[in-house]
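**Student:** Provided herewith: protein22.txt, compact mmCIF, C-alpha atoms.
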# COMPACT_ATOMS: atom_id res chain seq x y z
CA MET A 1266 -176.60 -24.59 12.77
CA ASP A 1267 -178.32 -25.90 9.66
CA LEU A 1268 -180.02 -23.12 7.74
CA LEU A 1269 -181.45 -25.33 4.99
CA PHE A 1270 -184.99 -24.81 6.28
CA LEU A 1271 -184.59 -21.05 5.79
CA PHE A 1272 -183.42 -21.47 2.20
CA GLU A 1273 -186.24 -23.95 1.51
CA TRP A 1274 -188.75 -21.49 2.92
CA ILE A 1275 -187.39 -18.69 0.71
CA ASP A 1276 -187.37 -21.05 -2.29
CA THR A 1277 -191.10 -21.69 -1.91
CA SER A 1278 -192.09 -18.13 -0.97
CA MET A 1279 -194.07 -15.71 -3.12
CA LEU A 1280 -190.88 -13.72 -3.65
CA ALA A 1281 -189.30 -16.78 -5.30
CA GLU A 1282 -192.35 -17.25 -7.52
CA ILE A 1283 -191.96 -13.69 -8.82
CA SER A 1284 -188.19 -13.85 -9.22
CA LYS A 1285 -188.40 -17.18 -11.07
CA ALA A 1286 -191.35 -16.27 -13.30
CA TYR A 1287 -190.47 -12.73 -14.35
CA GLY A 1288 -187.00 -12.46 -15.87
CA GLY A 1289 -187.49 -8.77 -16.57
CA VAL A 1290 -188.20 -7.97 -12.92
CA PHE A 1291 -185.15 -10.00 -11.90
CA ALA A 1292 -182.99 -8.07 -14.36
CA VAL A 1293 -184.20 -4.69 -13.07
CA VAL A 1294 -183.60 -5.70 -9.44
CA GLN A 1295 -180.17 -7.03 -10.41
CA THR A 1296 -179.37 -3.64 -11.95
CA PHE A 1297 -180.18 -1.94 -8.64
CA HIS A 1298 -178.11 -4.59 -6.80
CA LEU A 1299 -175.08 -3.94 -8.99
CA GLY A 1300 -175.56 -0.17 -8.81
CA ALA A 1301 -175.73 -0.30 -5.03
CA MET A 1302 -172.58 -2.45 -4.95
CA VAL A 1303 -170.76 0.12 -7.07
CA LEU A 1304 -171.94 2.87 -4.71
CA LEU A 1305 -170.84 0.91 -1.64
CA GLY A 1306 -167.46 -0.06 -3.09
CA GLY A 1307 -166.86 3.45 -4.37
CA MET A 1308 -167.68 5.15 -1.09
CA ILE A 1309 -165.62 2.67 0.93
CA LEU A 1310 -162.66 3.05 -1.43
CA VAL A 1311 -162.83 6.85 -1.48
CA GLY A 1312 -162.80 6.94 2.33
CA ASP A 1313 -160.09 4.31 2.74
CA LEU A 1314 -157.80 5.78 0.07
CA ARG A 1315 -158.17 9.17 1.77
CA LEU A 1316 -157.18 7.55 5.09
CA LEU A 1317 -154.10 6.18 3.32
CA ASN A 1318 -153.35 9.70 1.97
CA ILE A 1319 -153.53 8.44 -1.62
CA THR A 1320 -156.48 10.49 -2.86
CA MET A 1321 -157.98 13.90 -2.01
CA SER A 1322 -155.23 14.71 0.47
CA ASP A 1323 -156.19 18.39 0.27
CA ILE A 1324 -159.53 17.64 1.97
CA PRO A 1325 -159.54 16.70 5.69
CA ALA A 1326 -160.14 12.95 6.15
CA PRO A 1327 -163.05 13.39 8.64
CA VAL A 1328 -164.89 15.49 6.02
CA VAL A 1329 -164.42 12.81 3.36
CA LEU A 1330 -165.55 10.06 5.76
CA LYS A 1331 -168.58 12.02 6.95
CA ASN A 1332 -169.74 12.52 3.36
CA THR A 1333 -169.16 8.95 2.24
CA GLU A 1334 -170.45 7.04 5.28
CA ARG A 1335 -174.05 8.11 4.76
CA TRP A 1336 -174.04 6.63 1.25
CA VAL A 1337 -172.57 3.37 2.53
CA GLY A 1338 -175.67 2.98 4.72
CA TYR A 1339 -178.06 3.63 1.81
CA ALA A 1340 -176.12 1.25 -0.42
CA LEU A 1341 -176.19 -1.52 2.21
CA VAL A 1342 -179.97 -1.29 2.54
CA ALA A 1343 -180.38 -1.48 -1.25
CA ILE A 1344 -177.91 -4.37 -1.52
CA VAL A 1345 -179.62 -6.45 1.17
CA LEU A 1346 -183.16 -5.86 -0.13
CA SER A 1347 -182.31 -6.55 -3.78
CA GLY A 1348 -180.01 -9.42 -2.74
CA ILE A 1349 -182.80 -11.23 -0.86
CA PHE A 1350 -185.00 -10.98 -3.94
CA MET A 1351 -182.23 -12.27 -6.23
CA MET A 1352 -181.23 -15.14 -3.95
CA SER A 1353 -184.86 -16.30 -3.75
CA ALA A 1354 -184.62 -17.35 -7.42
CA VAL A 1355 -181.80 -19.83 -6.74
CA ALA A 1356 -182.00 -20.28 -2.98
CA ILE A 1357 -181.29 -24.03 -2.80
CA LYS A 1358 -178.40 -23.77 -5.26
CA LEU A 1359 -176.89 -20.97 -3.17
CA TYR A 1360 -177.26 -22.97 0.05
CA TYR A 1361 -174.74 -25.48 -1.32
CA ASN A 1362 -172.45 -22.81 -2.80
CA VAL A 1363 -169.38 -22.21 -0.64
CA PHE A 1364 -168.71 -18.79 -2.19
CA PHE A 1365 -172.17 -17.58 -1.24
CA LEU A 1366 -171.37 -18.51 2.36
CA SER A 1367 -168.00 -16.80 2.02
CA LYS A 1368 -169.70 -13.66 0.66
CA MET A 1369 -172.24 -13.59 3.50
CA VAL A 1370 -169.54 -14.04 6.14
CA GLY A 1371 -167.49 -11.30 4.48
CA LEU A 1372 -170.52 -9.00 4.29
CA PHE A 1373 -171.27 -9.58 7.98
CA MET A 1374 -167.63 -8.87 8.85
CA GLY A 1375 -167.62 -5.77 6.66
CA VAL A 1376 -170.76 -4.35 8.24
CA CYS A 1377 -169.48 -5.07 11.77
CA PHE A 1378 -166.09 -3.59 10.97
CA PHE A 1379 -167.69 -0.50 9.45
CA TYR A 1380 -170.21 0.23 12.21
CA LEU A 1381 -168.28 -1.01 15.25
CA ILE A 1382 -164.73 0.06 14.40
CA ARG A 1383 -164.23 2.34 11.39
CA LYS A 1384 -167.15 4.71 11.98
CA PRO A 1385 -166.97 5.19 15.77
CA LEU A 1386 -163.17 5.47 15.84
CA LEU A 1387 -162.67 7.76 12.86
CA ASN A 1388 -165.59 10.12 13.41
CA GLY A 1389 -164.20 13.41 14.64
CA ASP A 1390 -160.64 14.59 15.09
CA HIS A 1391 -157.89 12.21 13.92
CA SER A 1392 -155.03 14.13 15.55
CA GLU A 1393 -155.16 12.08 18.75
CA LEU A 1394 -154.92 8.80 16.81
CA ASN A 1395 -151.71 7.07 15.77
CA PRO A 1396 -151.37 7.51 11.95
CA TRP A 1397 -150.47 3.80 11.64
CA SER A 1398 -153.69 2.81 13.40
CA ILE A 1399 -155.64 4.76 10.78
CA LYS A 1400 -153.69 3.12 7.96
CA ILE A 1401 -154.14 -0.45 9.22
CA ILE A 1402 -157.88 0.17 9.59
CA ALA A 1403 -158.05 1.45 6.00
CA VAL A 1404 -156.11 -1.54 4.64
CA THR A 1405 -158.27 -3.99 6.61
CA SER A 1406 -161.44 -2.34 5.35
CA ILE A 1407 -160.25 -2.61 1.72
CA LEU A 1408 -159.30 -6.28 2.22
CA ILE A 1409 -162.67 -7.20 3.71
CA TRP A 1410 -164.74 -5.50 1.01
CA PHE A 1411 -162.47 -6.81 -1.76
CA SER A 1412 -163.07 -10.34 -0.43
CA VAL A 1413 -166.84 -9.76 -0.44
CA ALA A 1414 -166.73 -8.56 -4.06
CA ALA A 1415 -164.44 -11.41 -5.16
CA SER A 1416 -166.62 -14.05 -3.47
CA GLY A 1417 -169.68 -12.55 -5.13
CA ARG A 1418 -168.03 -12.73 -8.52
CA TRP A 1419 -166.98 -16.32 -7.86
CA ILE A 1420 -170.58 -17.37 -7.25
CA GLY A 1421 -171.02 -16.84 -10.98
CA PHE A 1422 -168.11 -19.15 -11.82
CA SER A 1423 -169.19 -22.02 -9.58
CA MET B 1287 -165.93 3.71 25.21
CA ASN B 1288 -162.60 5.39 25.83
CA LYS B 1289 -161.11 6.43 22.45
CA LYS B 1290 -157.61 5.10 23.21
CA LEU B 1291 -159.02 1.72 24.23
CA LEU B 1292 -161.18 1.62 21.11
CA GLU B 1293 -158.11 2.47 19.01
CA ARG B 1294 -156.08 -0.37 20.57
CA MET B 1295 -158.88 -2.87 20.13
CA SER B 1296 -159.44 -1.72 16.54
CA VAL B 1297 -155.76 -2.20 15.70
CA LEU B 1298 -155.78 -5.64 17.33
CA VAL B 1299 -158.87 -6.74 15.38
CA SER B 1300 -157.50 -5.26 12.15
CA VAL B 1301 -154.14 -7.02 12.49
CA ALA B 1302 -155.93 -10.31 13.28
CA ILE B 1303 -158.12 -9.93 10.17
CA VAL B 1304 -155.18 -9.05 7.89
CA VAL B 1305 -153.02 -11.93 9.20
CA GLY B 1306 -155.96 -14.37 9.04
CA TRP B 1307 -156.77 -13.21 5.52
CA GLY B 1308 -153.14 -13.74 4.47
CA ILE B 1309 -152.91 -17.20 6.05
CA PHE B 1310 -156.24 -18.33 4.56
CA TRP B 1311 -155.53 -17.19 1.01
CA GLY B 1312 -151.92 -18.35 1.34
CA THR B 1313 -153.25 -21.89 1.77
CA GLN B 1314 -155.63 -21.46 -1.17
CA VAL B 1315 -153.14 -20.37 -3.84
CA VAL B 1316 -153.44 -23.60 -5.86
CA ALA B 1317 -157.24 -23.63 -5.56
CA VAL B 1318 -157.45 -20.02 -6.72
CA GLN B 1319 -155.13 -20.73 -9.68
CA GLU B 1320 -157.31 -23.69 -10.71
CA MET B 1321 -160.46 -21.63 -10.45
CA LEU B 1322 -159.01 -18.77 -12.47
CA LYS B 1323 -157.99 -21.33 -15.11
CA LEU B 1324 -161.54 -22.72 -15.16
CA ALA B 1325 -163.03 -19.24 -15.33
CA TYR B 1326 -160.74 -17.63 -17.88
CA GLY B 1327 -159.06 -20.61 -19.56
Take the structure I supplied and represent it as structure tokens, if you would.
**Tutor:**
Amino acid sequence: MDLLFLFEWIDTSMLAEISKAYGGVFAVVQTFHLGAMVLLGGMILVGDLRLLNITMSDIPAPVVLKNTERWVGYALVAIVLSGIFMMSAVAIKLYYNVFFLSKMVGLFMGVCFFYLIRKPLLNGDHSELNPWSIKIIAVTSILIWFSVAASGRWIGFS
Amino acid sequence: MNKKLLERMSVLVSVAIVVGWGIFWGTQVVAVQEMLKLAYG
């Protein structure tokens, strides 16, 4: 499916006019985008490292997950909203950028993995789960989100 | 959904993602090296 029309529409939208004309506004939104990414990455990593018994092993894993998952949701909303604004400034360029596509696919996978697998399975008591199942889920989660972050960084190099 | 079934499916999906990730980046080693060279010299 060709999504060029969507990128062209964003490129000519009022949002794009603002993001292209006001560098200061772009910079402020970018700050929120980066802050939200730090929050998301931090919360994911805290939860996953706890599942791997590397950090905070004195606190039960379900407690750590319960307290971090809420912030992942807030961070995702902030990332998507600020990301749409930022991409509107260079929409056509991003359409042809393979790392942007890679980042979006990774983000979609990460969100699906988080809300369809990690959250429903690991909410509640972990005693009935195989410890290796928990570990493979934590490693997969780290891999997915690392790929999203790396692809995002690579957009800047390409 | 039954928790045991969800656990099995989760492990299956996770293993598929990890293996796919490894195969994909395994085929991209040269490309990644070139890009790191371009980025950092």
**Student:** As an exercise, work out the distance from atom CA of Val1355 of chain A to atom CA of Val1337 of chain A in Å and give it to one decimal place.
**Tutor:**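 Separating atom CA of Val1355 of chain A from atom CA of Val1337 of chain A is a distance of 26.6 Å.
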**Student:** So that I can check the surroundings of segment 1319-1327 of chain B, please list as a list in words every protein, DNA and RNA residue that reaches within 9 Å of it, counting all atoms listed in the file and ignoring chain neighbours fewer than 2 positions away.
**Tutor:**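 In the requested form, the answer reads Trp1419, Phe1422 and Ser1423 of chain A; Gln1314, Val1315, Val1316 and Ala1317 of chain B.
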**Student:** Would you write out, as JSON lines, a table of all residues in chain B that have an atom no more than 8 Å from an atom of chain A, listing for each the closest atom pair and the distance in Å to one decimal, considering all atoms listed in the file and ordering rows by chain and rising residue number?
**Tutor:**
{"residue": "B:Lys1289", "atom": "CA", "partner": "A:Leu1386", "partner_atom": "CA", "distance": 7.0}
{"residue": "B:Lys1290", "atom": "CA", "partner": "A:Leu1394", "partner_atom": "CA", "distance": 7.9}
{"residue": "B:Leu1292", "atom": "CA", "partner": "A:Leu1386", "partner_atom": "CA", "distance": 6.8}
{"residue": "B:Glu1293", "atom": "CA", "partner": "A:Leu1386", "partner_atom": "CA", "distance": 6.7}
{"residue": "B:Ser1296", "atom": "CA", "partner": "A:Ile1382", "partner_atom": "CA", "distance": 6.0}
{"residue": "B:Val1297", "atom": "CA", "partner": "A:Ser1398", "partner_atom": "CA", "distance": 5.9}
{"residue": "B:Ser1300", "atom": "CA", "partner": "A:Thr1405", "partner_atom": "CA", "distance": 5.7}
{"residue": "B:Val1301", "atom": "CA", "partner": "A:Ile1401", "partner_atom": "CA", "distance": 7.3}
{"residue": "B:Ile1303", "atom": "CA", "partner": "A:Thr1405", "partner_atom": "CA", "distance": 6.9}
{"residue": "B:Val1304", "atom": "CA", "partner": "A:Thr1405", "partner_atom": "CA", "distance": 6.1}
{"residue": "B:Ala1325", "atom": "CA", "partner": "A:Phe1422", "partner_atom": "CA", "distance": 6.2}
**Student:** One number please: atom CA of Leu1330 of chain A to atom CA of Gly1417 of chain A, in Å, one decimal.
**Tutor:**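 Interatomic distance, atom CA of Leu1330 of chain A to atom CA of Gly1417 of chain A: 25.4 Å.
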**Student:** Just the number, please: distance in Å from atom CA of Ile1344 of chain A to atom CA of His1298 of chain A, one decimal.
**Tutor:** 5.3 Å
**Student:** Check the smallest atom-to-atom distance from each of A:Val1363, A:Ile1407, A:Val1376, A:Val1290 to Ile1420 of chain A using all atoms listed in the file, then report the winner.
**Tutor:**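 Ranking A:Val1363, A:Ile1407, A:Val1376, A:Val1290 by distance to Ile1420 of chain A, first place goes to A:Val1363.
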**Student:** Excluding Phe1350 of chain A and residues on its chain fewer than 5 positions from it, collect all residues at most 8 Å away from it, counting all atoms listed in the file, and give them as a list in words.
**Tutor:**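 So the residues in contact are Leu1280, Ala1281, Ser1284 and Val1294 of chain A.
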**Student:** Would you mind exporting the chosen residues as a compact mmCIF listing (two decimals), in the coordinates of the input, restricted to C-alpha atoms?
**Tutor:**
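Result file out-v8.txt:
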# COMPACT_ATOMS: atom_id res chain seq x y z
CA LEU A 1280 -190.88 -13.72 -3.65
CA ALA A 1281 -189.30 -16.78 -5.30
CA SER A 1284 -188.19 -13.85 -9.22
CA VAL A 1294 -183.60 -5.70 -9.44
